[in-house]
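These notes concern the structure reproduced below.
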Amino acid sequence: RQQQEARQQQEARQQQEARQQQEAIQQMAAKQQQEVALLKQYNDNCDNGKRRVYIGDIPSSMTENDLKSRFGQYGPMVDASIEKARNRYGLVDYELSADAFGLVQLAKSTTITCRGSALKIAYAHTQPDDESTEESSEESSDEEYGSGKTRVFIGDIPLEAEETDFKNKFGRYGAIVEI
């Protein structure tokens with residue numbers, strides 16, 4: 001009799017856990033649908049030319065395929081990549097600037113998460129159509145990641161390194177003002 005009661009209790013716990021998991025999945029799906037609906041509202045309102053979006057604080061377990069899957073729902077993408085710097089971040093290039101605008105606006109009004117981590121979302125400082133990385137700080141907005149001036153020390157530089165090597169290697173991360 002005790003074994004039967006123990007089995008019944010275990011089955012009840014398993015059923016409750018399954019219901020809780022199903023509810024969590026439904027809540028996540030509803031949140032993503034809400035995000036997509038808000039994004040569509042924003043898409044009708046902007047064409048500012050900016051198509052690259054910075055996705056910060058991404059989990060270490062996130063892959064480029066995960067990035068494409070998570071952010072592909074906001075609009076057709078040209079490219080998505082994960083930069084493996086000290087702080088991992090992603091860059092997503094949308095076909096339409098309205099899609100990038102919608103995502104940035106959505107991130108202002110709701111927390112966008114991936115695998116339980118809140119993500120930082122903003123326009124990337126450099127855009128895919130930039131002819132050069134030389135931008136004045138006056139053109140930068142508060143919505144752009146990396147729009148402030150930052151001095152970076154780079155050590156152990158080979159003697160044969162030239163200024164163009166630095167521009168080629170680091171120019172994609174922002175405007176290089178002085179070397």
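Please note that chains go A, B, ... in the order of the structure tokens, that every chain numbers its residues from 1, and that ligands are numbered from 1 in the order shown.
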Do a neighbour search on stretch 110-116 of chain A at 9 Å with only C-alpha atoms, toss out local chain neighbours closer than 3 positions, and write the hits as an MDAnalysis selection string.
chainID A and resid 32 35 58:59 61:62 70 105:107 119:121
Selection export as a CSV table (one decimal), in the first residue's frame, atoms kept: N, CA and C atoms:
```csv
chain,number,residue,atom,x,y,z
A,32,GLN,N,7.1,36.1,-27.1
A,32,GLN,CA,7.7,36.3,-28.4
A,32,GLN,C,6.7,36.8,-29.4
A,35,GLU,N,6.2,40.4,-28.8
A,35,GLU,CA,7.4,41.1,-29.3
A,35,GLU,C,7.3,41.3,-30.8
A,58,ILE,N,25.2,38.2,-24.7
A,58,ILE,CA,24.6,36.9,-25.1
A,58,ILE,C,25.2,35.7,-24.3
A,59,PRO,N,24.4,34.7,-24.0
A,59,PRO,CA,24.9,33.6,-23.3
A,59,PRO,C,26.1,32.9,-24.0
A,61,SER,N,26.6,29.9,-24.4
A,61,SER,CA,26.1,28.7,-25.1
A,61,SER,C,25.4,29.0,-26.4
A,62,MET,N,25.2,30.3,-26.7
A,62,MET,CA,24.5,30.7,-27.9
A,62,MET,C,25.4,30.6,-29.1
A,70,ARG,N,16.7,33.3,-33.2
A,70,ARG,CA,16.1,34.2,-32.3
A,70,ARG,C,15.7,35.5,-32.9
A,105,GLN,N,13.6,49.6,-31.0
A,105,GLN,CA,12.5,50.2,-30.3
A,105,GLN,C,11.8,49.2,-29.4
A,106,LEU,N,11.6,48.0,-29.8
A,106,LEU,CA,11.0,47.0,-29.0
A,106,LEU,C,11.9,46.8,-27.7
A,107,ALA,N,13.2,46.8,-27.9
A,107,ALA,CA,14.1,46.6,-26.8
A,107,ALA,C,14.0,47.7,-25.7
A,119,LEU,N,19.1,40.5,-22.8
A,119,LEU,CA,20.1,40.9,-23.8
A,119,LEU,C,20.1,42.5,-23.9
A,120,LYS,N,21.2,43.0,-24.3
A,120,LYS,CA,21.3,44.4,-24.6
A,120,LYS,C,21.2,44.6,-26.1
A,121,ILE,N,20.3,45.5,-26.5
A,121,ILE,CA,20.1,45.6,-27.9
A,121,ILE,C,20.2,47.1,-28.3
```
Using the chain letters and numbers from this document, which residues of stretch 44-101 of chain A does DSSP assign to helix (DSSP H, G or I), as an NGL selection string? :A and (64-72 or 97-101)
Write a file of the just-selected residues containing N, CA, C and O atoms, as a short mmCIF file (atom, residue, chain, number, x, y, z; two decimals), in the first residue's frame.
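So the final result, stored in out-v1.cif, reads:
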```
data_model
loop_
_atom_site.label_atom_id
_atom_site.label_comp_id
_atom_site.auth_asym_id
_atom_site.auth_seq_id
_atom_site.Cartn_x
_atom_site.Cartn_y
_atom_site.Cartn_z
N GLU A 64 25.74 30.88 -33.55
CA GLU A 64 25.26 31.76 -34.62
C GLU A 64 23.90 31.30 -35.14
O GLU A 64 23.05 32.13 -35.47
N ASN A 65 23.68 30.00 -35.19
CA ASN A 65 22.36 29.50 -35.60
C ASN A 65 21.28 29.92 -34.62
O ASN A 65 20.17 30.27 -35.02
N ASP A 66 21.59 29.89 -33.31
CA ASP A 66 20.64 30.36 -32.30
C ASP A 66 20.34 31.84 -32.51
O ASP A 66 19.19 32.28 -32.42
N LEU A 67 21.39 32.62 -32.79
CA LEU A 67 21.23 34.05 -33.02
C LEU A 67 20.32 34.30 -34.22
O LEU A 67 19.39 35.11 -34.15
N LYS A 68 20.56 33.57 -35.30
CA LYS A 68 19.74 33.71 -36.50
C LYS A 68 18.29 33.32 -36.22
O LYS A 68 17.36 33.99 -36.67
N SER A 69 18.11 32.25 -35.49
CA SER A 69 16.77 31.78 -35.17
C SER A 69 16.03 32.77 -34.28
O SER A 69 14.87 33.10 -34.53
N ARG A 70 16.70 33.25 -33.24
CA ARG A 70 16.06 34.16 -32.27
C ARG A 70 15.71 35.50 -32.90
O ARG A 70 14.66 36.07 -32.66
N PHE A 71 16.60 36.04 -33.73
CA PHE A 71 16.39 37.38 -34.26
C PHE A 71 15.89 37.39 -35.70
O PHE A 71 15.51 38.44 -36.21
N GLY A 72 15.84 36.24 -36.34
CA GLY A 72 15.27 36.15 -37.68
C GLY A 72 13.77 36.38 -37.68
O GLY A 72 13.20 36.78 -38.69
N SER A 97 16.08 48.51 -42.94
CA SER A 97 16.37 49.30 -41.75
C SER A 97 15.15 49.37 -40.84
O SER A 97 15.29 49.50 -39.62
N ALA A 98 13.96 49.24 -41.39
CA ALA A 98 12.75 49.26 -40.57
C ALA A 98 12.73 48.08 -39.59
O ALA A 98 12.25 48.22 -38.46
N ASP A 99 13.26 46.94 -40.00
CA ASP A 99 13.31 45.79 -39.10
C ASP A 99 14.28 46.05 -37.96
O ASP A 99 14.00 45.72 -36.80
N ALA A 100 15.43 46.62 -38.26
CA ALA A 100 16.41 46.95 -37.22
C ALA A 100 15.82 48.00 -36.28
O ALA A 100 15.93 47.88 -35.05
N PHE A 101 15.16 49.01 -36.85
CA PHE A 101 14.51 50.05 -36.04
C PHE A 101 13.49 49.42 -35.09
O PHE A 101 13.45 49.74 -33.90
#
```
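Nearest to A:Thr164 of all the residues A:Gln22, A:Ala85, A:Ser109, A:Ile179 is A:Ile179, counting only C-alpha atoms.
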Checklist entry - For the atom pair atom CA of A:Asp93 and atom CA of A:Ile55, what is the interatomic distance in Å to one decimal place? => result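 Here the two named atoms are 10.9 Å from each other.
Using only C-alpha atoms, the smallest distance between any of A:Asp57, A:Glu23, A:Glu17, A:Asp165 and A:Lys84 comes from A:Asp57.
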Checklist entry - Rounded to one decimal in Å, what is the spacing between atom CA of A:Lys169 and atom CA of A:Leu96? => result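 We find that atom CA of A:Lys169 and atom CA of A:Leu96 lie 26.9 Å from each other.
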When you look at A:Ile82 with a cut-off of 7 Å (counting only C-alpha atoms), what residues show up, excluding the ones that are within fewer than 4 positions of it in the same chain? I need them as a compact mmCIF listing (two decimals) with all heavy atoms, in the first residue's frame.
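The new file selection29.txt reads:
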```txt
# COMPACT_ATOMS: atom_id res chain seq x y z
N GLU A 64 25.74 30.88 -33.55
CA GLU A 64 25.26 31.76 -34.62
C GLU A 64 23.90 31.30 -35.14
O GLU A 64 23.05 32.13 -35.47
CB GLU A 64 26.28 31.86 -35.75
CG GLU A 64 27.47 32.71 -35.36
CD GLU A 64 28.43 33.00 -36.50
OE1 GLU A 64 28.16 32.61 -37.66
OE2 GLU A 64 29.45 33.64 -36.23
N ARG A 88 31.18 38.45 -25.12
CA ARG A 88 30.58 37.97 -26.37
C ARG A 88 29.39 38.83 -26.74
O ARG A 88 28.59 39.21 -25.90
CB ARG A 88 30.11 36.53 -26.20
CG ARG A 88 31.24 35.54 -26.19
CD ARG A 88 30.75 34.15 -25.84
NE ARG A 88 29.52 33.78 -26.48
CZ ARG A 88 29.41 32.92 -27.49
NH1 ARG A 88 30.47 32.35 -27.97
NH2 ARG A 88 28.24 32.62 -28.00
N TYR A 89 29.29 39.13 -28.01
CA TYR A 89 28.14 39.88 -28.51
C TYR A 89 27.86 39.44 -29.93
O TYR A 89 28.68 38.83 -30.59
CB TYR A 89 28.38 41.39 -28.44
CG TYR A 89 29.51 41.89 -29.31
CD1 TYR A 89 29.27 42.33 -30.61
CD2 TYR A 89 30.81 41.91 -28.85
CE1 TYR A 89 30.31 42.78 -31.41
CE2 TYR A 89 31.85 42.37 -29.64
CZ TYR A 89 31.59 42.80 -30.92
OH TYR A 89 32.60 43.25 -31.71
N GLY A 90 26.66 39.75 -30.36
CA GLY A 90 26.28 39.40 -31.72
C GLY A 90 26.01 40.64 -32.54
O GLY A 90 25.70 41.71 -32.00
N LEU A 91 26.16 40.51 -33.83
CA LEU A 91 25.80 41.55 -34.78
C LEU A 91 24.82 40.94 -35.77
O LEU A 91 25.09 39.87 -36.33
CB LEU A 91 27.03 42.08 -35.52
CG LEU A 91 28.04 42.83 -34.66
CD1 LEU A 91 29.29 43.15 -35.47
CD2 LEU A 91 27.44 44.11 -34.10
```
note - atom CA of A:Gly75 and atom CA of A:Arg51 are separated by 10.7 Å
